[in-house]
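Participant: Take this structure, written in structure tokens, and hold onto it; I'll ask about it next.
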2 protein chains.
Amino acid sequence: MRLLLTGAGGLVGRHVAARAAAEPGIDLVAAGRSHPTDLPKSAVFHEADLSDAATASALIADVRPSHIIHAAWETAHPTFWHDMANLDWVIATAAMAKSFAEAGGTRFVQVGSCAQYDWSDGRCVEGVTPDRPATRYGRAKLAAFRAVEAAATDRFEAAEARLFHLYGPGENPARFVPTICRSHLRGAVPRLGSGRHRRDLLHADDVARALLALAKADGIVGSVNVAGGEEVVLRDVAEELAEIAGAAETGLGGREDGPDDPERLVGAPSTRLAAIGWRPAIALPDGLRATFEWWRLQPELVR
Amino acid sequence: MRLLLTGAGGLVGRHVAARAAAEPGIDLVAAGRSHPTDLPKSAVFHEADLSDAATASALIADVRPSHIIHAAWETAHPTFWHDMANLDWVIATAAMAKSFAEAGGTRFVQVGSCAQYDWSDGRCVEGVTPDRPATRYGRAKLAAFRAVEAAATDRFEAAEARLFHLYGPGENPARFVPTICRSHLRGAVPRLGSGRHRRDLLHADDVARALLALAKADGIVGSVNVAGGEEVVLRDVAEELAEIAGAAETGLGGREDGPDDPERLVGAPSTRLAAIGWRPAIALPDGLRATFEWWRLQPELVR
């Protein structure tokens, strides 16, 4: 398998890169805006702004991958929800998919999101819950995968991994788990909401294994939930991290909850992923502990 | 209203152009690969290959339309069903939508297709029948409108007109009604299938009125069926045309039916279109007669 991984420096990408590089039979080509410092040495790296359609398309024609895991996307937090740059990624993804078809590629795994679903039910079931994205990000992810499906041929299969909430080393410092870790490491009290919301939380390494499993899973097409199925109350995460940090205060109740945060947003685990043997391997307390330790080693990101 | 009409030389586009040019308050800018000979003189024309994203985007930035009716698409019959050029139109449409948002546009009416629906039920109901396109064309139309929706803002509304079967002056000579008209006009017997299939057939001028009504209908967003709701048996069309032509033979049963032709493919008329006063005005026999007369005046296309 000649695997092109985009967004290799992101939370998902760096974990996919680590897994893919360690696996025999995978010839890994990674691409992104800048060379990730922790990219495995066996990977070939292309520095490229893939949000530019011509660049993205030329990269595929050059690399001629048999497989793609397309994790690159606009991720500046929290502006990515409504940024018009999401359209650039729709355009670039469509261009990549067309080039991939022309280059004889076989499986395109698009990294999608629970934000593509209708959230009103709180639990998103693959193939059942309707698509009804409430944000430009969700709508753009939906458009992008529809474009990949439109490029698919008899030999090129299109699969979409719909990710729910994830955490782990390398996450955007502005997000929930990093905010808590960084505050505790500075000796400050994080400013958190009530923590009453329920989420489906996976460690990025578990997500990476799911993406690689999907890349290899000939015949699995369409949208696939990458979800653990366990409902985690965010309060428990905050309490766990305070305990790990040895902090006296969790920071819960330090600010109002956001008006748009759904009470419950979890995924029904994909039976198709279960059938190919994937299930999460990292228990939440272990994952949180390892993530906290990772942040401890990044003093320049903690400030 | 400053209306940009793309695909102005196509079956839909030429009828929209005729209607729009005759309507006070519409400043019509038409675009297409070549200047349509019958484009109303009051329209400004831009010769442009809009399947090129940069060209399409630059046109919007230049014209700064308040409204768009985007009728341009790959239409070479019958290769358009699976042509990879459909991807170029996805990319170009996404680029147009982004430019339209940036230029302060207000309503983008995308010309969609019944080919985006799941056809297994035979009758497609707006908002009820799932999207499940069986062709690259249908998948690409779906991706393109999802991209337009992703570009929509508080002031830019995205609507999609899902067209069913249409006919009228200017149709692609290789399609059903033109094939019959041209054969009779040459004194030949058309080679038709059984004619047992049922379709929703609208005159292109009725479709043009629907598109203009949608362009003006602030607040109507998402996918809208442009369908008459009357099930027409194609055999009746062939018999009507033979009678109009004074031909002894209809040509029905002259060849096998195509294996992929659904028995029944009709649309439930949109209640939202009915609410703004649109309904078809051209009865089928009248429309067929006028269309036959139009073909009689195009001897170079009859051969």
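A note on labels: chains of the structure tokens are A, B, ... as shown, every chain counts residues from 1, and ligands are counted from 1 in their shown order.
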Taking only C-alpha atoms into account, what are the residues of chain A at most 7 Å from chain B, put as an MDAnalysis selection string?

Facilitator: chainID A and resid 84 87 91 94 98 136 139:140 142:143 146:147 149:151

Participant: From a DSSP calculation on the backbone, collect every residue of region 58-141 of chain A in strand (DSSP E) and output the set as a list in words.

Facilitator: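 Those in region 58-141 of chain A that DSSP calls strand (DSSP E) are His67, Ile68, Ile69, His70, Arg107, Phe108, Val109, Gln110, Val111, Gly112, Ser113, Arg123 and Cys124 of chain A.
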
Participant: Tell me, in Å to one decimal, how far CA of Leu59 (chain A) is from CA of Ala43 (chain A).

Facilitator: 15.5 Å

Participant: Which polymer residues have any atom within 10 Å of an atom of Glu231 (chain A), counting only C-alpha atoms, with same-chain residues fewer than 4 positions away left out, as a list in words?

Facilitator: Arg123, His197, Arg198, Arg199, Asp200, Leu201, Arg264, Leu265, Val266 and Gly267 of chain A

Participant: With a cut-off of 8 Å, could you pull out the residues of region 123-153 of chain B touching region 208-228 of chain B and give me the nearest pair of atoms for each, distance in Å to one decimal, using only C-alpha atoms, ordered by chain and ascending number, as a Markdown table?

Facilitator:
```
| residue | atom | partner | partner_atom | distance |
| --- | --- | --- | --- | --- |
| B:Val125 | CA | B:Asn225 | CA | 7.6 |
| B:Glu126 | CA | B:Asn225 | CA | 5.9 |
| B:Gly127 | CA | B:Ser223 | CA | 7.5 |
| B:Glu149 | CA | B:Gly222 | CA | 7.9 |
```

Participant: Go through region 4-150 of chain B and collect every residue that DSSP, computed from the backbone, puts in alpha helix (DSSP H); the answer should be as a PyMOL selection string.

Facilitator: chain B and resi 11-21+53-63+85-102+136-150

Participant: Considering only C-alpha atoms, can you say which of B:Asp236, B:Ile244, B:Asp131, B:Glu160 comes closest to His184 (chain B)?

Facilitator: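 Distance minimum relative to His184 (chain B) lands on B:Ile244.
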
Participant: Find, counting only C-alpha atoms, the residue in A:Thr79, A:Ser66, A:Thr179, A:Ser99 that gets nearest to Leu192 (chain A).

Facilitator: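 The closest residue to Leu192 (chain A) is A:Thr179.
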
Participant: Between CA of Trp81 (chain B) and CA of Gly112 (chain A), what is the distance, to one decimal in Å?

Facilitator: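 Pair CA of Trp81 (chain B) / CA of Gly112 (chain A) returns 26.7 Å.
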